[in-house]
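model_4.cif follows (mmCIF, C-alpha atoms):
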data_protein
#
loop_
_atom_site.group_PDB
_atom_site.id
_atom_site.type_symbol
_atom_site.label_atom_id
_atom_site.label_comp_id
_atom_site.auth_asym_id
_atom_site.auth_seq_id
_atom_site.Cartn_x
_atom_site.Cartn_y
_atom_site.Cartn_z
ATOM 1 C CA MET D 1 -94.995 -70.020 121.531
ATOM 2 C CA PRO D 2 -92.337 -67.290 121.889
ATOM 3 C CA SER D 3 -89.637 -67.365 119.234
ATOM 4 C CA LYS D 4 -86.171 -68.540 120.207
ATOM 5 C CA LYS D 5 -83.567 -65.887 120.817
ATOM 6 C CA ARG D 6 -80.152 -65.773 119.155
ATOM 7 C CA THR D 7 -78.072 -66.136 122.290
ATOM 8 C CA LYS D 8 -74.612 -64.553 122.114
ATOM 9 C CA ILE D 9 -71.645 -64.727 124.475
ATOM 10 C CA THR D 10 -70.140 -61.290 125.110
ATOM 11 C CA LYS D 11 -67.604 -59.560 127.327
ATOM 12 C CA SER D 12 -69.313 -56.169 127.120
ATOM 13 C CA ILE D 13 -70.324 -54.668 130.469
ATOM 14 C CA ASN D 14 -72.345 -52.014 128.613
ATOM 15 C CA ILE D 15 -74.448 -54.668 126.869
ATOM 16 C CA ALA D 16 -75.170 -56.311 130.220
ATOM 17 C CA VAL D 17 -76.190 -52.998 131.776
ATOM 18 C CA LYS D 18 -78.435 -52.165 128.804
ATOM 19 C CA GLU D 19 -80.160 -55.555 128.962
ATOM 20 C CA ILE D 20 -80.902 -55.218 132.672
ATOM 21 C CA LEU D 21 -82.162 -51.631 132.457
ATOM 22 C CA GLN D 22 -84.404 -52.587 129.520
ATOM 23 C CA GLY D 23 -86.092 -55.231 131.650
ATOM 24 C CA ASN D 24 -84.376 -58.217 130.046
ATOM 25 C CA ILE D 25 -82.522 -61.118 131.624
ATOM 26 C CA ILE D 26 -78.834 -61.831 131.115
ATOM 27 C CA ALA D 27 -76.470 -64.504 132.420
ATOM 28 C CA LEU D 28 -73.448 -63.115 134.217
ATOM 29 C CA PRO D 29 -70.522 -64.376 136.273
ATOM 30 C CA THR D 30 -70.159 -64.300 140.028
ATOM 31 C CA GLU D 31 -67.301 -65.689 142.099
ATOM 32 C CA THR D 32 -69.526 -68.677 142.980
ATOM 33 C CA VAL D 33 -71.544 -69.739 139.895
ATOM 34 C CA TYR D 34 -73.082 -67.961 136.900
ATOM 35 C CA GLY D 35 -76.353 -66.162 137.633
ATOM 36 C CA LEU D 36 -79.445 -65.365 135.565
ATOM 37 C CA ALA D 37 -79.829 -61.665 136.285
ATOM 38 C CA ALA D 38 -82.644 -59.116 136.193
ATOM 39 C CA ASP D 39 -83.535 -55.821 137.867
ATOM 40 C CA ALA D 40 -84.896 -56.917 141.257
ATOM 41 C CA THR D 41 -87.250 -53.908 141.393
ATOM 42 C CA ASN D 42 -88.838 -54.756 138.020
ATOM 43 C CA GLU D 43 -91.569 -57.374 138.556
ATOM 44 C CA GLU D 44 -91.919 -58.251 134.862
ATOM 45 C CA ALA D 45 -88.154 -58.740 134.524
ATOM 46 C CA VAL D 46 -88.073 -60.988 137.607
ATOM 47 C CA LEU D 47 -90.972 -62.990 136.178
ATOM 48 C CA LYS D 48 -88.760 -63.754 133.159
ATOM 49 C CA ILE D 49 -86.248 -65.415 135.496
ATOM 50 C CA TYR D 50 -88.888 -67.776 136.880
ATOM 51 C CA GLU D 51 -90.334 -68.515 133.446
ATOM 52 C CA THR D 52 -86.953 -69.090 131.795
ATOM 53 C CA LYS D 53 -85.654 -71.400 134.520
ATOM 54 C CA LYS D 54 -89.059 -73.036 135.093
ATOM 55 C CA ARG D 55 -88.449 -72.208 138.727
ATOM 56 C CA PRO D 56 -91.354 -72.624 141.180
ATOM 57 C CA PHE D 57 -92.638 -69.328 142.535
ATOM 58 C CA PHE D 58 -92.356 -70.527 146.142
ATOM 59 C CA ASP D 59 -88.543 -70.575 145.820
ATOM 60 C CA PRO D 60 -87.278 -67.016 146.574
ATOM 61 C CA LEU D 61 -84.389 -65.300 144.801
ATOM 62 C CA ILE D 62 -81.180 -63.749 146.119
ATOM 63 C CA VAL D 63 -80.862 -59.981 145.649
ATOM 64 C CA HIS D 64 -77.364 -58.735 144.837
ATOM 65 C CA ILE D 65 -76.264 -55.274 145.941
ATOM 66 C CA ARG D 66 -73.087 -53.266 145.519
ATOM 67 C CA SER D 67 -71.848 -52.584 149.060
ATOM 68 C CA ILE D 68 -72.430 -52.938 152.799
ATOM 69 C CA LYS D 69 -73.939 -49.453 153.033
ATOM 70 C CA ASP D 70 -76.689 -50.544 150.615
ATOM 71 C CA ILE D 71 -78.025 -53.236 152.962
ATOM 72 C CA LYS D 72 -80.221 -50.749 154.820
ATOM 73 C CA LYS D 73 -81.800 -49.635 151.506
ATOM 74 C CA TYR D 74 -83.465 -53.007 151.069
ATOM 75 C CA ALA D 75 -83.626 -54.515 154.578
ATOM 76 C CA GLU D 76 -84.698 -53.273 157.988
ATOM 77 C CA GLU D 77 -84.000 -54.229 161.577
ATOM 78 C CA VAL D 78 -80.528 -55.386 160.504
ATOM 79 C CA PRO D 79 -78.758 -56.926 163.526
ATOM 80 C CA PRO D 80 -75.150 -55.917 164.295
ATOM 81 C CA GLU D 81 -73.971 -59.474 163.570
ATOM 82 C CA VAL D 82 -74.769 -58.934 159.889
ATOM 83 C CA TYR D 83 -72.401 -55.971 159.700
ATOM 84 C CA LYS D 84 -69.694 -57.915 161.554
ATOM 85 C CA LEU D 85 -69.934 -60.704 158.978
ATOM 86 C CA ALA D 86 -70.177 -58.271 156.070
ATOM 87 C CA GLU D 87 -67.066 -56.395 157.162
ATOM 88 C CA LYS D 88 -65.105 -59.650 157.029
ATOM 89 C CA PHE D 89 -66.732 -61.678 154.230
ATOM 90 C CA SER D 90 -68.539 -59.222 151.914
ATOM 91 C CA PRO D 91 -68.135 -58.743 149.028
ATOM 92 C CA GLY D 92 -68.016 -62.515 148.875
ATOM 93 C CA PRO D 93 -69.898 -65.820 148.992
ATOM 94 C CA ILE D 94 -72.292 -65.136 151.867
ATOM 95 C CA THR D 95 -76.014 -64.306 151.754
ATOM 96 C CA TYR D 96 -78.025 -62.728 154.573
ATOM 97 C CA ILE D 97 -81.740 -63.423 155.163
ATOM 98 C CA LEU D 98 -83.260 -60.239 156.631
ATOM 99 C CA LYS D 99 -86.595 -58.499 157.036
ATOM 100 C CA LYS D 100 -87.273 -56.748 153.737
ATOM 101 C CA LYS D 101 -88.342 -53.237 152.827
ATOM 102 C CA LYS D 102 -91.249 -52.627 150.432
ATOM 103 C CA ILE D 103 -88.901 -51.602 147.592
ATOM 104 C CA ILE D 104 -88.297 -55.333 146.979
ATOM 105 C CA PRO D 105 -91.343 -56.820 145.156
ATOM 106 C CA ASP D 106 -93.082 -59.882 146.606
ATOM 107 C CA ILE D 107 -92.319 -61.903 143.460
ATOM 108 C CA VAL D 108 -88.619 -61.774 144.404
ATOM 109 C CA THR D 109 -89.228 -63.090 147.918
ATOM 110 C CA SER D 110 -92.064 -65.523 147.151
ATOM 111 C CA GLY D 111 -94.407 -63.342 149.191
ATOM 112 C CA LEU D 112 -92.271 -63.547 152.332
ATOM 113 C CA ASN D 113 -91.496 -60.522 154.486
ATOM 114 C CA THR D 114 -87.807 -61.412 154.271
ATOM 115 C CA VAL D 115 -85.188 -60.920 151.575
ATOM 116 C CA ALA D 116 -81.933 -62.746 150.774
ATOM 117 C CA ILE D 117 -79.140 -60.197 150.231
ATOM 118 C CA ARG D 118 -75.626 -60.794 148.895
ATOM 119 C CA ILE D 119 -72.742 -58.532 147.882
ATOM 120 C CA PRO D 120 -70.911 -60.308 145.023
ATOM 121 C CA ALA D 121 -67.142 -60.044 144.678
ATOM 122 C CA HIS D 122 -66.789 -60.653 140.941
ATOM 123 C CA PRO D 123 -65.415 -57.427 139.355
ATOM 124 C CA MET D 124 -67.741 -57.646 136.323
ATOM 125 C CA PHE D 125 -70.810 -57.977 138.522
ATOM 126 C CA GLN D 126 -69.608 -55.091 140.675
ATOM 127 C CA LYS D 127 -69.233 -52.857 137.596
ATOM 128 C CA ILE D 128 -72.743 -53.754 136.465
ATOM 129 C CA LEU D 129 -74.203 -52.934 139.874
ATOM 130 C CA ALA D 130 -72.367 -49.600 139.861
ATOM 131 C CA LYS D 131 -73.701 -48.654 136.427
ATOM 132 C CA CYS D 132 -77.227 -50.006 136.810
ATOM 133 C CA LYS D 133 -77.788 -48.490 140.262
ATOM 134 C CA VAL D 134 -80.489 -51.105 140.959
ATOM 135 C CA PRO D 135 -80.410 -54.316 143.026
ATOM 136 C CA ILE D 136 -80.094 -57.400 140.849
ATOM 137 C CA ALA D 137 -81.870 -60.723 141.366
ATOM 138 C CA ALA D 138 -79.684 -63.539 140.074
ATOM 139 C CA PRO D 139 -80.286 -67.233 140.811
ATOM 140 C CA SER D 140 -78.037 -69.757 139.070
ATOM 141 C CA ALA D 141 -78.186 -69.583 135.256
ATOM 142 C CA ASN D 142 -79.618 -73.046 134.619
ATOM 143 C CA MET D 143 -82.937 -74.826 134.389
ATOM 144 C CA PHE D 144 -84.450 -75.337 137.820
ATOM 145 C CA GLY D 145 -82.965 -78.258 139.739
ATOM 146 C CA ARG D 146 -80.106 -78.807 137.308
ATOM 147 C CA LEU D 147 -76.357 -78.402 137.788
ATOM 148 C CA SER D 148 -75.175 -74.866 138.453
ATOM 149 C CA PRO D 149 -72.968 -73.506 135.620
ATOM 150 C CA THR D 150 -69.429 -72.349 136.356
ATOM 151 C CA CYS D 151 -68.479 -71.001 132.907
ATOM 152 C CA ALA D 152 -70.193 -69.190 130.039
ATOM 153 C CA GLU D 153 -70.118 -72.274 127.811
ATOM 154 C CA ASP D 154 -72.100 -74.279 130.382
ATOM 155 C CA VAL D 155 -74.733 -71.545 130.488
ATOM 156 C CA TYR D 156 -74.930 -71.592 126.683
ATOM 157 C CA LYS D 157 -75.561 -75.356 126.628
ATOM 158 C CA GLU D 158 -78.297 -74.961 129.238
ATOM 159 C CA LEU D 159 -80.078 -71.781 128.154
ATOM 160 C CA LYS D 160 -79.308 -71.294 124.449
ATOM 161 C CA GLY D 161 -82.269 -69.627 122.752
ATOM 162 C CA LYS D 162 -83.814 -68.432 126.025
ATOM 163 C CA LEU D 163 -81.918 -65.140 126.484
ATOM 164 C CA ASN D 164 -80.087 -62.582 124.356
ATOM 165 C CA TYR D 165 -76.679 -62.528 126.023
ATOM 166 C CA ILE D 166 -74.309 -64.375 128.316
ATOM 167 C CA LEU D 167 -71.580 -62.222 129.862
ATOM 168 C CA ASN D 168 -68.304 -64.155 129.771
ATOM 169 C CA GLY D 169 -66.244 -63.658 132.911
ATOM 170 C CA GLY D 170 -64.212 -66.850 132.663
ATOM 171 C CA HIS D 171 -64.442 -69.809 135.027
ATOM 172 C CA CYS D 172 -65.930 -69.059 138.437
ATOM 173 C CA GLU D 173 -63.309 -68.754 141.146
ATOM 174 C CA LEU D 174 -65.174 -70.754 143.811
ATOM 175 C CA GLY D 175 -67.591 -72.974 141.877
ATOM 176 C CA ILE D 176 -70.112 -73.549 144.673
ATOM 177 C CA GLU D 177 -72.991 -71.352 145.811
ATOM 178 C CA SER D 178 -72.881 -68.884 148.700
ATOM 179 C CA THR D 179 -73.469 -69.694 152.346
ATOM 180 C CA VAL D 180 -76.987 -68.546 153.289
ATOM 181 C CA ILE D 181 -77.475 -67.379 156.876
ATOM 182 C CA SER D 182 -80.796 -66.369 158.395
ATOM 183 C CA PHE D 183 -81.476 -63.667 160.971
ATOM 184 C CA VAL D 184 -85.289 -63.882 160.847
ATOM 185 C CA ASP D 185 -85.798 -65.092 164.424
ATOM 186 C CA ASP D 186 -83.907 -65.406 167.699
ATOM 187 C CA ASN D 187 -81.721 -68.208 166.334
ATOM 188 C CA ILE D 188 -79.036 -67.529 163.729
ATOM 189 C CA LYS D 189 -79.227 -70.342 161.176
ATOM 190 C CA ILE D 190 -77.236 -71.503 158.172
ATOM 191 C CA LEU D 191 -79.913 -72.499 155.659
ATOM 192 C CA ARG D 192 -77.453 -73.465 152.924
ATOM 193 C CA PRO D 193 -73.800 -74.340 153.674
ATOM 194 C CA GLY D 194 -71.208 -72.800 151.401
ATOM 195 C CA TYR D 195 -67.656 -71.474 151.253
ATOM 196 C CA ILE D 196 -68.005 -69.466 154.452
ATOM 197 C CA THR D 197 -68.198 -72.146 157.141
ATOM 198 C CA LYS D 198 -70.137 -72.368 160.395
ATOM 199 C CA LYS D 199 -66.852 -72.240 162.327
ATOM 200 C CA GLU D 200 -65.769 -69.018 160.592
ATOM 201 C CA ILE D 201 -69.152 -67.396 161.195
ATOM 202 C CA GLN D 202 -69.262 -68.311 164.894
ATOM 203 C CA LYS D 203 -65.719 -67.083 165.390
ATOM 204 C CA THR D 204 -66.626 -63.724 163.805
ATOM 205 C CA ILE D 205 -69.897 -62.987 165.623
ATOM 206 C CA LYS D 206 -69.091 -64.813 168.888
ATOM 207 C CA LYS D 207 -72.530 -66.439 168.895
ATOM 208 C CA LYS D 208 -73.935 -69.920 168.388
ATOM 209 C CA VAL D 209 -75.029 -70.708 164.827
ATOM 210 C CA ILE D 210 -77.362 -73.576 163.884
ATOM 211 C CA LEU D 211 -76.727 -75.547 160.688
ATOM 212 C CA VAL D 212 -80.121 -76.583 159.259
ATOM 213 C CA ARG D 213 -79.814 -80.113 157.896
ATOM 214 C CA ASN D 214 -83.458 -80.987 157.138
ATOM 215 C CA LYS D 215 -84.610 -79.907 153.689
ATOM 216 C CA ALA D 216 -87.996 -79.249 152.136
ATOM 217 C CA ARG D 217 -89.296 -81.457 149.346
ATOM 218 C CA HIS D 218 -90.686 -79.953 146.164
ATOM 219 C CA GLY D 219 -94.443 -79.619 146.717
ATOM 220 C CA LYS D 220 -94.306 -81.130 150.208
ATOM 221 C CA SER D 221 -92.700 -78.382 152.260
ATOM 222 C CA LYS D 222 -93.525 -78.513 155.964
ATOM 223 C CA PHE D 223 -91.658 -75.321 156.726
ATOM 224 C CA THR D 224 -91.053 -71.980 155.081
ATOM 225 C CA ILE D 225 -88.476 -71.855 152.283
ATOM 226 C CA TYR D 226 -86.507 -68.684 153.020
ATOM 227 C CA SER D 227 -83.734 -69.148 150.475
ATOM 228 C CA PRO D 228 -82.532 -71.099 147.434
ATOM 229 C CA GLY D 229 -81.017 -74.500 148.164
ATOM 230 C CA MET D 230 -83.540 -75.596 150.803
ATOM 231 C CA LEU D 231 -85.279 -78.158 148.595
ATOM 232 C CA LYS D 232 -84.398 -81.821 149.142
ATOM 233 C CA ILE D 233 -83.648 -82.486 145.450
ATOM 234 C CA HIS D 234 -81.591 -79.875 143.609
ATOM 235 C CA TYR D 235 -78.371 -79.334 141.592
ATOM 236 C CA SER D 236 -78.977 -82.619 139.718
ATOM 237 C CA PRO D 237 -77.391 -83.927 136.496
ATOM 238 C CA ALA D 238 -79.704 -85.548 133.939
ATOM 239 C CA THR D 239 -77.792 -88.808 134.442
ATOM 240 C CA PRO D 240 -78.893 -90.413 137.732
ATOM 241 C CA LEU D 241 -76.330 -89.763 140.477
ATOM 242 C CA TYR D 242 -75.996 -92.125 143.436
ATOM 243 C CA ILE D 243 -73.969 -91.939 146.638
ATOM 244 C CA THR D 244 -71.794 -94.931 147.470
ATOM 245 C CA ASP D 245 -69.213 -95.740 150.125
ATOM 246 C CA ASN D 246 -66.450 -96.536 147.638
ATOM 247 C CA ILE D 247 -66.649 -95.460 143.987
ATOM 248 C CA TYR D 248 -63.842 -97.871 143.025
ATOM 249 C CA ASP D 249 -66.198 -100.803 143.647
ATOM 250 C CA PHE D 250 -67.674 -99.747 140.284
ATOM 251 C CA LYS D 251 -64.432 -99.276 138.316
ATOM 252 C CA ASP D 252 -65.090 -102.364 136.154
ATOM 253 C CA GLN D 253 -68.617 -101.245 135.252
ATOM 254 C CA SER D 254 -68.331 -99.672 131.800
ATOM 255 C CA ASN D 255 -71.704 -97.929 132.051
ATOM 256 C CA VAL D 256 -70.918 -96.168 135.331
ATOM 257 C CA GLY D 257 -69.224 -92.762 135.610
ATOM 258 C CA LEU D 258 -66.978 -92.242 138.638
ATOM 259 C CA LEU D 259 -66.937 -88.799 140.252
ATOM 260 C CA ASP D 260 -63.347 -89.154 141.424
ATOM 261 C CA PHE D 261 -62.067 -86.562 143.915
ATOM 262 C CA SER D 262 -58.681 -88.253 144.457
ATOM 263 C CA LYS D 263 -57.031 -86.053 141.795
ATOM 264 C CA TYR D 264 -57.553 -82.986 143.967
ATOM 265 C CA GLU D 265 -55.283 -81.994 146.835
ATOM 266 C CA SER D 266 -57.845 -80.136 148.945
ATOM 267 C CA LEU D 267 -61.556 -79.774 149.673
ATOM 268 C CA ASN D 268 -61.380 -76.284 148.169
ATOM 269 C CA GLU D 269 -60.260 -77.758 144.836
ATOM 270 C CA ILE D 270 -63.090 -80.293 144.973
ATOM 271 C CA ALA D 271 -65.631 -77.525 145.593
ATOM 272 C CA ILE D 272 -64.283 -75.412 142.717
ATOM 273 C CA ASN D 273 -64.586 -78.317 140.266
ATOM 274 C CA LEU D 274 -67.641 -80.152 141.638
ATOM 275 C CA PHE D 275 -70.294 -78.905 139.209
ATOM 276 C CA SER D 276 -68.039 -78.824 136.157
ATOM 277 C CA ASP D 277 -66.863 -82.416 136.796
ATOM 278 C CA LEU D 278 -70.456 -83.567 137.246
ATOM 279 C CA ARG D 279 -71.452 -81.826 134.028
ATOM 280 C CA LYS D 280 -68.649 -83.562 132.084
ATOM 281 C CA LEU D 281 -69.739 -86.974 133.361
ATOM 282 C CA ASP D 282 -73.349 -86.080 132.588
ATOM 283 C CA GLU D 283 -72.408 -85.559 128.938
ATOM 284 C CA GLU D 284 -70.574 -88.900 128.600
ATOM 285 C CA GLY D 285 -73.710 -91.036 128.235
ATOM 286 C CA TYR D 286 -73.287 -93.251 131.306
ATOM 287 C CA ALA D 287 -76.247 -95.158 132.745
ATOM 288 C CA TYR D 288 -75.556 -93.534 136.078
ATOM 289 C CA ILE D 289 -72.840 -91.735 138.073
ATOM 290 C CA VAL D 290 -71.485 -92.649 141.507
ATOM 291 C CA ALA D 291 -69.846 -90.394 144.072
ATOM 292 C CA SER D 292 -68.614 -90.730 147.633
ATOM 293 C CA LYS D 293 -68.937 -88.050 150.268
ATOM 294 C CA VAL D 294 -65.911 -86.144 151.529
ATOM 295 C CA LYS D 295 -64.896 -85.353 155.090
ATOM 296 C CA ASP D 296 -67.878 -83.558 156.635
ATOM 297 C CA SER D 297 -66.090 -80.497 157.987
ATOM 298 C CA GLY D 298 -65.316 -76.997 156.723
ATOM 299 C CA ILE D 299 -66.172 -76.625 153.040
ATOM 300 C CA GLY D 300 -66.767 -80.396 152.994
ATOM 301 C CA VAL D 301 -70.170 -79.759 154.610
ATOM 302 C CA ALA D 302 -71.205 -77.720 151.546
ATOM 303 C CA ILE D 303 -69.820 -80.328 149.110
ATOM 304 C CA ASN D 304 -71.741 -83.131 150.831
ATOM 305 C CA ASP D 305 -74.863 -80.963 150.917
ATOM 306 C CA ARG D 306 -74.729 -80.545 147.122
ATOM 307 C CA LEU D 307 -74.049 -84.249 146.569
ATOM 308 C CA GLU D 308 -76.991 -85.258 148.768
ATOM 309 C CA LYS D 309 -79.361 -82.915 146.941
ATOM 310 C CA ALA D 310 -78.098 -83.989 143.501
ATOM 311 C CA ALA D 311 -78.345 -87.723 144.238
ATOM 312 C CA ARG D 312 -81.294 -90.011 143.496
ATOM 313 C CA GLY D 313 -80.319 -92.239 146.416
ATOM 314 C CA ARG D 314 -77.579 -94.687 147.414
ATOM 315 C CA VAL D 315 -76.031 -97.634 145.582
ATOM 316 C CA LYS D 316 -73.977 -100.630 146.721
ATOM 317 C CA MET D 317 -71.966 -103.112 144.671
ATOM 318 C CA GLY D 318 -72.633 -106.581 146.040
ATOM 319 C CA LYS D 319 -70.935 -109.812 145.041
ATOM 320 C CA TRP D 320 -73.465 -110.635 142.349
ATOM 321 C CA GLU D 321 -75.510 -107.493 141.825
ATOM 322 C CA ILE D 322 -75.855 -103.757 142.201
ATOM 323 C CA LYS D 323 -78.329 -102.723 144.884
ATOM 324 C CA PHE D 324 -80.087 -99.340 144.733
ATOM 325 C CA SER D 325 -81.739 -97.443 147.536
ATOM 326 C CA ILE D 326 -83.895 -94.727 145.965
ATOM 327 C CA LYS D 327 -84.466 -91.403 147.713
ATOM 328 C CA LYS D 328 -88.128 -90.793 148.534
#
Rendering of file as structure tokens:
Amino acid sequence: MPSKKRTKITKSINIAVKEILQGNIIALPTETVYGLAADATNEEAVLKIYETKKRPFFDPLIVHIRSIKDIKKYAEEVPPEVYKLAEKFSPGPITYILKKKKIIPDIVTSGLNTVAIRIPAHPMFQKILAKCKVPIAAPSANMFGRLSPTCAEDVYKELKGKLNYILNGGHCELGIESTVISFVDDNIKILRPGYITKKEIQKTIKKKVILVRNKARHGKSKFTIYSPGMLKIHYSPATPLYITDNIYDFKDQSNVGLLDFSKYESLNEIAINLFSDLRKLDEEGYAYIVASKVKDSGIGVAINDRLEKAARGRVKMGKWEIKFSIKK
């Protein structure tokens, strides 16, 4: 058994750069959620990501690069629509699935001939990319399937003893993962909804975009998993989460935590606080948590996507009993 590490929270960019160039992993901030980072060209370093998170090897990683001009270093046959989107939304919360070049190891892409590429906007991440001069693989800094962390303290609770350093960049500005859009065939598809919406993408490229709603199940995938977030069950708290039509039906149940969005004035605010609110409820010791979906438009599509993947099923408060419908 490997010995536990003395995990420290730091604000030093130089420490982060040193860790990555030495083939280690480090947690760092992005504008979406915190990532568990390693040199994407170093196979042994990338292996540490999978081992630390207990992430299945069939689930590919996102590769982070510094600028638009770097896309062609790691991808080929890049369609013009990618550059149109990148000019408007990158750096930012959007990831492009493209045909990869050989410089990206197969362990990063789960053996696929495609690669997920993103240009992060967080200034700390940008400085690290500039100093490292290597692409950086960085899935969310949590154990596989668990809630994505949106601050350094959440990463510490999740991964203490598993890495040397966590780079503290404050609370993530957006709090929900990037939109993932695929260009691997004739159809342009959103594989994971996020902050950049289908409407915004279609308006920018003047082409039809398909939002993929069906998701693969862990171990029972009937189609290729091209990006993170395509599994049916993901982003889950340890406390069972259930979807219900009205959370206030459960307000008198002392053992039930209510994920209450009414305190927020916009869907953007809900998205920013979604994972942190779920994490707080998860730590309260409830028997289970209930949540209701939001309006399924704009960023609401991404919020509902995360809720569906985090939930164990649906629940209804009847006159005499609570009825569960478990996700299969």
Practice problem: Give me the result of the PyMOL selection byres ((chain D and resi 156-170) around 7) on this file, residue by residue, as a ChimeraX atom specification. | Solution: /D:4-11,16,25-29,52,142-143,151-155,171-172
Self-check item: Two-atom distance - atom CA of Glu31 of chain D, atom CA of Ala121 of chain D (Å)
Solution: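 Computing it gives 6.2 Å between the two atoms.
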Quiz item: In Å, how far is it from atom CA of Cys132 of chain D to atom CA of Ile20 of chain D?
Solution: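 Here the two named atoms are 7.6 Å from each other.
From atom CA of Val184 of chain D back to atom CA of Ile136 of chain D, the distance works out to 21.7 Å.
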Exercise. Check the smallest atom-to-atom distance from each of D:Glu283, D:Pro240, D:Gly298, D:Tyr96 to Val315 of chain D using all atoms listed in the file, then report the winner.
Key: D:Pro240
Produce the centre coordinates and the three edge lengths, each in Å to one decimal, of the box along x, y and z that contains all listed atoms of segment 197-215 of chain D with 4 Å added on each side, as AutoDock Vina command-line options.
--center_x -75.2 --center_y -72.0 --center_z 161.3 --size_x 26.9 --size_y 26.0 --size_z 23.2
Exercise. Would you please work out which residue, of D:Lys208, D:Lys73, D:Phe183, D:Leu147, is nearest to Lys280 of chain D when using all atoms listed in the file?
Key: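 Selected residue with least distance to Lys280 of chain D: D:Leu147.
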Exercise. Do a neighbour search on Ile104 of chain D at 7 Å with all atoms listed in the file, toss out local chain neighbours closer than 5 positions, and write the hits as a VMD selection string.
Key: chain D and resid 40 to 41 74
Quiz prompt | Given the PyMOL selection byres ((chain D and resi 38) around 12), the residues it picks as number ranges by chain | solution = D: 16-28, 35-37, 39-50, 52, 61-64, 108, 128-129, 132, 134-141, 163
Quiz item: Which neighbours of segment 86-93 of chain D fall inside 10 Å, counting only C-alpha atoms, when residues of the same chain fewer than 3 positions from it are skipped, and could you give them as number ranges by chain?
Solution: D: 30-32, 65-68, 71, 80-83, 96, 118-122, 126, 174, 176-180, 194-196, 200-201, 204
Exercise. Return the single residue from D:Gly313, D:Gly175, D:Pro79, D:Pro56 that is closest to Gly145 of chain D, with distances computed using only C-alpha atoms.
Key: D:Pro56
Exercise. For segment 257-259 of chain D, please output as a PyMOL selection string all residues within 6 Å (counting only C-alpha atoms; exclusion window: fewer than 5 positions along the same chain).
Key: chain D and resi 286+289-291
Quiz item: With distances taken over all atoms listed in the file, which of D:Ser292, D:Val115, D:Ser148, D:Phe125 is nearest to Ser182 of chain D?
Solution: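 Under the stated criterion, the closest residue is D:Val115.
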Quiz prompt | Expected answer as a ChimeraX atom specification: all residues with atoms within 10 Å of (-71.7, -82.7, 151.0), only C-alpha atoms | solution = /D:193-194,271,292-297,299-310
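Minimum distance to Arg146 of chain D across D:Lys53, D:Lys251, D:Arg312, D:Lys323 (counting all atoms listed in the file) occurs at D:Lys53.
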Exercise. For each of D:Thr197, D:Ser276, D:Ser325, D:Asn255, take the minimum atom-to-atom distance to Thr150 of chain D, counting all atoms listed in the file, then give the residue where this is smallest.
Key: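 When distances to Thr150 of chain D are compared using all atoms listed in the file, the smallest one comes from D:Ser276.
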